[in-house]
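Structure file protein31.pdb (PDB, C-alpha atoms) follows.
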ATOM      1  CA  MET L   1     240.279 187.321-182.895  1.00  0.00           C
ATOM      2  CA  LYS L   2     237.175 187.133-185.116  1.00  0.00           C
ATOM      3  CA  LYS L   3     237.543 188.570-188.621  1.00  0.00           C
ATOM      4  CA  LYS L   4     235.220 191.519-189.336  1.00  0.00           C
ATOM      5  CA  ASN L   5     232.804 191.277-192.244  1.00  0.00           C
ATOM      6  CA  TYR L   6     232.883 194.535-194.183  1.00  0.00           C
ATOM      7  CA  SER L   7     230.437 193.459-196.878  1.00  0.00           C
ATOM      8  CA  LYS L   8     227.218 195.403-197.241  1.00  0.00           C
ATOM      9  CA  TYR L   9     225.449 192.063-197.783  1.00  0.00           C
ATOM     10  CA  LYS L  10     224.265 189.615-195.132  1.00  0.00           C
ATOM     11  CA  GLN L  11     226.683 186.689-195.050  1.00  0.00           C
ATOM     12  CA  GLY L  12     227.191 183.609-192.933  1.00  0.00           C
ATOM     13  CA  THR L  13     226.919 179.862-192.649  1.00  0.00           C
ATOM     14  CA  TYR L  14     223.521 178.177-192.805  1.00  0.00           C
ATOM     15  CA  LYS L  15     222.735 175.123-190.703  1.00  0.00           C
ATOM     16  CA  PRO L  16     220.390 172.967-192.825  1.00  0.00           C
ATOM     17  CA  SER L  17     217.356 171.400-191.154  1.00  0.00           C
ATOM     18  CA  PRO L  18     217.715 167.803-190.034  1.00  0.00           C
ATOM     19  CA  THR L  19     215.434 166.601-192.864  1.00  0.00           C
ATOM     20  CA  GLY L  20     218.508 165.431-194.777  1.00  0.00           C
ATOM     21  CA  LYS L  21     217.519 167.264-197.966  1.00  0.00           C
ATOM     22  CA  TYR L  22     220.799 169.201-198.093  1.00  0.00           C
ATOM     23  CA  LYS L  23     223.353 167.025-199.898  1.00  0.00           C
ATOM     24  CA  GLY L  24     226.430 169.248-199.849  1.00  0.00           C
ATOM     25  CA  LYS L  25     229.653 168.913-197.903  1.00  0.00           C
ATOM     26  CA  GLY L  26     229.551 170.816-194.648  1.00  0.00           C
ATOM     27  CA  ASN L  27     227.129 173.665-194.037  1.00  0.00           C
ATOM     28  CA  PRO L  28     226.475 175.985-196.989  1.00  0.00           C
ATOM     29  CA  ARG L  29     227.680 179.576-196.930  1.00  0.00           C
ATOM     30  CA  TYR L  30     225.303 182.328-197.980  1.00  0.00           C
ATOM     31  CA  LEU L  31     226.585 185.584-199.470  1.00  0.00           C
ATOM     32  CA  SER L  32     223.322 187.550-199.346  1.00  0.00           C
ATOM     33  CA  SER L  33     219.966 187.613-197.608  1.00  0.00           C
ATOM     34  CA  TRP L  34     218.499 186.373-200.910  1.00  0.00           C
ATOM     35  CA  GLU L  35     220.579 183.196-200.687  1.00  0.00           C
ATOM     36  CA  LEU L  36     219.648 182.728-197.007  1.00  0.00           C
ATOM     37  CA  LYS L  37     215.943 182.995-197.886  1.00  0.00           C
ATOM     38  CA  PHE L  38     216.420 180.478-200.696  1.00  0.00           C
ATOM     39  CA  PHE L  39     218.167 177.986-198.342  1.00  0.00           C
ATOM     40  CA  ARG L  40     215.293 178.297-195.869  1.00  0.00           C
ATOM     41  CA  TRP L  41     212.758 177.838-198.681  1.00  0.00           C
ATOM     42  CA  CYS L  42     214.521 174.659-199.852  1.00  0.00           C
ATOM     43  CA  ASP L  43     214.466 173.216-196.338  1.00  0.00           C
ATOM     44  CA  SER L  44     210.807 174.065-195.721  1.00  0.00           C
ATOM     45  CA  ASN L  45     209.312 173.217-199.138  1.00  0.00           C
ATOM     46  CA  PRO L  46     207.836 169.689-199.052  1.00  0.00           C
ATOM     47  CA  ASN L  47     208.320 169.341-202.841  1.00  0.00           C
ATOM     48  CA  ILE L  48     212.089 169.817-202.632  1.00  0.00           C
ATOM     49  CA  ILE L  49     213.674 166.362-202.543  1.00  0.00           C
ATOM     50  CA  GLU L  50     217.271 167.545-202.279  1.00  0.00           C
ATOM     51  CA  TRP L  51     219.362 170.672-202.695  1.00  0.00           C
ATOM     52  CA  THR L  52     223.003 171.712-202.783  1.00  0.00           C
ATOM     53  CA  SER L  53     224.973 174.940-202.776  1.00  0.00           C
ATOM     54  CA  GLU L  54     227.975 175.523-205.059  1.00  0.00           C
ATOM     55  CA  SER L  55     228.242 171.811-205.842  1.00  0.00           C
ATOM     56  CA  ILE L  56     228.257 172.181-209.641  1.00  0.00           C
ATOM     57  CA  ILE L  57     231.517 173.454-211.132  1.00  0.00           C
ATOM     58  CA  ILE L  58     231.705 174.508-214.773  1.00  0.00           C
ATOM     59  CA  PRO L  59     235.230 174.796-216.201  1.00  0.00           C
ATOM     60  CA  TYR L  60     235.780 177.373-218.927  1.00  0.00           C
ATOM     61  CA  VAL L  61     238.528 179.293-220.710  1.00  0.00           C
ATOM     62  CA  ASN L  62     238.214 183.054-220.393  1.00  0.00           C
ATOM     63  CA  PRO L  63     238.563 184.550-223.897  1.00  0.00           C
ATOM     64  CA  LEU L  64     240.067 187.738-222.419  1.00  0.00           C
ATOM     65  CA  ASP L  65     243.008 186.183-220.593  1.00  0.00           C
ATOM     66  CA  GLY L  66     243.120 182.728-222.262  1.00  0.00           C
ATOM     67  CA  LYS L  67     243.299 181.043-218.833  1.00  0.00           C
ATOM     68  CA  ALA L  68     241.241 178.185-217.444  1.00  0.00           C
ATOM     69  CA  HIS L  69     238.743 179.194-214.756  1.00  0.00           C
ATOM     70  CA  ARG L  70     235.972 177.495-212.790  1.00  0.00           C
ATOM     71  CA  TYR L  71     232.446 178.805-212.364  1.00  0.00           C
ATOM     72  CA  MET L  72     230.460 177.566-209.360  1.00  0.00           C
ATOM     73  CA  VAL L  73     226.682 177.493-209.880  1.00  0.00           C
ATOM     74  CA  ASP L  74     224.862 178.905-206.839  1.00  0.00           C
ATOM     75  CA  ASN L  75     222.438 176.032-206.246  1.00  0.00           C
ATOM     76  CA  LYS L  76     221.024 172.787-207.559  1.00  0.00           C
ATOM     77  CA  ILE L  77     217.601 171.508-206.537  1.00  0.00           C
ATOM     78  CA  VAL L  78     215.685 168.325-207.219  1.00  0.00           C
ATOM     79  CA  ILE L  79     211.974 169.022-206.965  1.00  0.00           C
ATOM     80  CA  ARG L  80     208.736 167.115-207.348  1.00  0.00           C
ATOM     81  CA  GLU L  81     206.467 168.810-209.915  1.00  0.00           C
ATOM     82  CA  GLY L  82     203.253 166.832-210.080  1.00  0.00           C
ATOM     83  CA  ASN L  83     204.236 163.313-211.137  1.00  0.00           C
ATOM     84  CA  ASN L  84     207.679 164.400-212.361  1.00  0.00           C
ATOM     85  CA  ILE L  85     211.025 164.776-210.607  1.00  0.00           C
ATOM     86  CA  VAL L  86     212.911 167.739-212.110  1.00  0.00           C
ATOM     87  CA  LYS L  87     216.434 169.087-211.535  1.00  0.00           C
ATOM     88  CA  TYR L  88     217.257 172.804-211.757  1.00  0.00           C
ATOM     89  CA  LEU L  89     220.435 174.824-211.595  1.00  0.00           C
ATOM     90  CA  ILE L  90     219.656 178.134-209.908  1.00  0.00           C
ATOM     91  CA  GLU L  91     221.507 181.437-209.698  1.00  0.00           C
ATOM     92  CA  ILE L  92     220.503 183.877-206.960  1.00  0.00           C
ATOM     93  CA  LYS L  93     220.942 187.481-208.072  1.00  0.00           C
ATOM     94  CA  PRO L  94     219.241 190.695-206.987  1.00  0.00           C
ATOM     95  CA  LYS L  95     217.241 192.620-209.552  1.00  0.00           C
TER      96      LYS L  95
END
Write-out of the structure in structure tokens:
Amino acid sequence: MKKKNYSKYKQGTYKPSPTGKYKGKGNPRYLSSWELKFFRWCDSNPNIIEWTSESIIIPYVNPLDGKAHRYMVDNKIVIREGNNIVKYLIEIKPK
């Protein structure tokens, strides 16, 4: 039986285009329509060289509970800007 999604946000698994720009493991999961639009933009933008979803993990100690946690950055892109190749870490959040 398929599990129901009770989130008010659009969620699912994105199948990257066959361009090979997506460098993550498996197909990325989007948790909002904003993330889905960003995935599509990455695949269709000719200046994007590569992109990943939740591939960067930042360990930290929460000062409230003193425990070690891991923060997963939403996306990483490598993009051509003129004659430069630039890397960005990107968070997708609604206004």
Non-local contacts of Asn75 (chain L) (10 Å; all atoms listed in the file; under 2 positions in same chain excluded) as a PyMOL selection string: chain L and resi 35+38-39+51-56+72-73+77+88-92
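Between Lys87 (chain L) and the candidates L:Glu50, L:Tyr60, L:Gly66, L:Gly24, the tightest atom-to-atom separation, counting only C-alpha atoms, involves L:Glu50.
Among the candidates L:Lys76, L:Lys67, L:Arg29, L:Arg40, the residue lying nearest to Gly12 (chain L) is L:Arg29 (atoms considered: only C-alpha atoms).
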Please measure the separation of CA of Trp34 (chain L) and CA of Asn83 (chain L), giving the value in Å to one decimal. 29.0 Å
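Taking CA of Pro18 (chain L) and CA of Asp74 (chain L) as endpoints, the distance between them is 21.4 Å.
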Which residues come within 12 Å of Thr19 (chain L), counting all atoms listed in the file, excluding same-chain residues fewer than 2 positions away, as a compact mmCIF listing (two decimals) with C-alpha atoms, keeping the file's coordinate frame?
# COMPACT_ATOMS: atom_id res chain seq x y z
CA LYS L 15 222.74 175.12 -190.70
CA PRO L 16 220.39 172.97 -192.82
CA SER L 17 217.36 171.40 -191.15
CA LYS L 21 217.52 167.26 -197.97
CA TYR L 22 220.80 169.20 -198.09
CA LYS L 23 223.35 167.02 -199.90
CA CYS L 42 214.52 174.66 -199.85
CA ASP L 43 214.47 173.22 -196.34
CA SER L 44 210.81 174.06 -195.72
CA ASN L 45 209.31 173.22 -199.14
CA PRO L 46 207.84 169.69 -199.05
CA ILE L 48 212.09 169.82 -202.63
CA ILE L 49 213.67 166.36 -202.54
CA GLU L 50 217.27 167.54 -202.28
CA TRP L 51 219.36 170.67 -202.70
Enumerate, as JSON, numbers by chain, the residues matched when the PyMOL selection byres ((chain L and resi 70) around 9) is run on the file above. {"L": [57, 58, 59, 60, 61, 68, 69, 71, 72]}
d(CA of Leu31 (chain L), CA of Pro94 (chain L)) in Å: 11.7 Å
